[in-house]
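Participant: Mind looking over this structure? Questions follow.
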Amino acid sequence: MSQDSGQRVVNQVISGIYLRLRQSCTDVLPIVVVIAFFQIVIIREPLPNIGDILFGSVLVVIGLSLFVQGLETGLFPIGETLADALARKGSIFWLLVFSFGLGFTTTVAEPALIAVAAKSAQIAAASNLIDADPKSLQSYGTGLRYSVAVSVGLAIVIGVLRILKGYPIHYLIIGGYCLVMAITPFAPKEIIGIAYDAGGVTTSTVTVPLVTALGVGLATIIKGRNPLIDGFGLVAFASLLPMVFVMGYGIIIFN
């Protein structure tokens with residue numbers, strides 16, 4: 001590689017980093033403006049630990065830039081490539097196995113779910129719903145995580161079948177929320193809030209990119225499917241089914 005070619009590559013990398021950081025700053029700016037407005041105009045007190053806040057903000061911008069770059073470089077291509085390969089192979093069984101495995105493993109590794117499960121265990125112990133010893137806390141939190149992970153895996157399988165068969169998404173979503181409303185009166189009140197939040201925490205940084213890439217990849221390769229119309233919607237199933245499973249988990253644990 002000549003010196004000029006090497007310099008061009010370096011310039012392209014620097015330009016890409018600059019553009020990504022600028023985009024991240026633009027994304028974070030509205031949050032900073034809102035917080036600053038309320039702190040200065042409404043609360044009228046200086047920010048505590050301003051140095052830590054500024055340092056944390058810099059880390060947020062850098063982390064967001066790296067995360068988005070990682071999605072575009074790695075996770076989206078992986079999901080689309082695997083979906084394309086499995087669809088071309090023509091094996092629905094292995095496609096569904098892969099879909100369940102993808103939903104299950106990404107959910108188990110979801111940082112937001114890990115944090116919510118741990119906090120839920122602590123609150124359940126403080127409310128005397130479970131024993132406060134470490135073994136009980138770990139058992140409750142792990143059971144909650146795996147209940148959500150299984151539900152997300154099944155939700156992705158349902159979403160993939162919808163893409164394969166061409167079922168209208170609104171019928172499945174409406175039916176799913178009717179099921180949520182039907183089971184809510186029978187669930188322990190201590191678990192209902194956690195169940196409703198579980199749908200949100202499962203669809204976070206790890207799960208959403210891979211699941212979306214899977215749906216778009218399938219809709220792209222399957223004849224007669226529109227990536228825009230049929231490729232999206234898997235995340236909705238991944239948000240819906242955990243509510244049912246967590247409430248069911250609560251019925252088993254607390255009753």
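We name chains A, B, ... following the order of the structure tokens; residues begin at 1 in each chain, and ligands are numbered from 1 as shown.
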Please provide as a ChimeraX atom specification all residues within 8 Å of Gly233 (chain A), with the sequence filter that same-chain residues fewer than 2 positions apart are discarded (counting only C-alpha atoms).
Facilitator: /A:159,169,215,230-231,235-237
Participant: Near Thr220 (chain A), within 10 Å and counting only C-alpha atoms, which residues show up once chain neighbours fewer than 4 positions away are dropped, as a PyMOL selection string?
Facilitator: chain A and resi 80+83-84+214-216+224-228+230-231
Participant: Which residue gives the smallest distance to Gly63 (chain A) among A:Ile221, A:Ile183, A:Cys25, A:Ala121, with only C-alpha atoms counted?
Facilitator: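 Ranked by minimum distance to Gly63 (chain A), first place goes to A:Cys25.
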Participant: With only C-alpha atoms as the basis for distance, which of A:Ile222, A:Met243, A:Val58, A:Leu210 is at the shortest distance from Ile163 (chain A)?
Facilitator: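 Looking at the shortest contact to Ile163 (chain A), the residue is A:Ile222.
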Participant: If we count only C-alpha atoms and set the cut-off at 6 Å, which residues sit around Val150 (chain A), ignoring sequence neighbours fewer than 3 positions away in its own chain? Please answer as a short mmCIF file (atom, residue, chain, number, x, y, z; two decimals) with N, CA and C atoms, in the first residue's frame.
Facilitator:
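Saved result, around.cif, follows:
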```cif
data_model
loop_
_atom_site.label_atom_id
_atom_site.label_comp_id
_atom_site.auth_asym_id
_atom_site.auth_seq_id
_atom_site.Cartn_x
_atom_site.Cartn_y
_atom_site.Cartn_z
N PHE A 104 -33.87 -16.45 22.90
CA PHE A 104 -33.55 -16.89 24.26
C PHE A 104 -32.19 -16.36 24.71
N SER A 147 -37.71 -17.22 32.60
CA SER A 147 -39.10 -17.16 32.16
C SER A 147 -39.25 -16.16 31.02
N GLY A 153 -38.03 -16.19 23.22
CA GLY A 153 -37.74 -17.20 22.20
C GLY A 153 -38.99 -17.66 21.47
#
```
Participant: Fewer than 5 positions away in the same chain doesn't count, so skip those; otherwise give me all residues within 12 Å of region 49-53 of chain A, counting only C-alpha atoms, as a count of residues only.
Facilitator: 6
Participant: Can you tell me which residues surround Gly103 (chain A) at a distance of at most 9 Å, considering only C-alpha atoms, apart from same-chain residues fewer than 3 positions away, and format the answer as a list in words?
Facilitator: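 Within the cut-off, the hits are Phe98, Ser99, Phe100, Thr106, Thr107, Val108, Ala149, Val150, Ser151, Val152, Gly153, Leu154, Ala155, Ile156, Val157, Thr207, Leu210, Val211 and Ala238 of chain A.
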Participant: Taking into account only C-alpha atoms, which residue in the set A:Pro111, A:Gly250, A:Gly199, A:Gly175 is nearest to Tyr140 (chain A)?
Facilitator: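 Closest residue, counting only C-alpha atoms: A:Gly250.
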Participant: So which one's closest to Ala198 (chain A), A:Phe76, A:Phe38, A:Phe245, A:Phe55? Using only C-alpha atoms, please.
Facilitator: A:Phe245
Participant: Let me make sure I understand: among A:Tyr196, A:Gly143, A:Phe186, A:Ile229, which one has the smallest atom-to-atom distance to Ile253 (chain A) if we use only C-alpha atoms?
Facilitator: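 That would be A:Gly143, the residue with the smallest distance to Ile253 (chain A).
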Participant: Could you pull out all residues of region 48-149 of chain A with a DSSP call of alpha helix (DSSP H) and give them as number ranges by chain?
Facilitator: A: 50-70, 76-89, 92-108, 111-126, 134-149
Participant: So how many Å separate CA of Asn11 (chain A) and CA of Gly56 (chain A), to one decimal?
Facilitator: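 We find that CA of Asn11 (chain A) and CA of Gly56 (chain A) lie 28.2 Å from each other.
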Participant: Which residue gives the smallest distance to Ala124 (chain A) among A:Leu102, A:Ala109, A:Val148, A:Ile191, with only C-alpha atoms counted?
Facilitator: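 Ranked by minimum distance to Ala124 (chain A), first place goes to A:Ile191.
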Participant: If we count only C-alpha atoms and set the cut-off at 10 Å, which residues sit around Pro188 (chain A), ignoring sequence neighbours fewer than 6 positions away in its own chain? Please answer as a list in words.
Facilitator: Met247, Gly248, Tyr249, Gly250, Ile251, Ile252, Ile253, Phe254 and Asn255 of chain A
Participant: Report as a ChimeraX atom specification all protein, DNA and RNA residues lying within 10 Å of region 136-139 of chain A, evaluated on only C-alpha atoms, omitting residues in the same chain fewer than 6 positions from it.
Facilitator: /A:117-125,130,145
Participant: I'd like the interatomic distance between CA of Gln23 (chain A) and CA of Ile78 (chain A), to a tenth of an Å.
Facilitator: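 Computing the Euclidean distance for CA of Gln23 (chain A) and CA of Ile78 (chain A) yields 24.0 Å.
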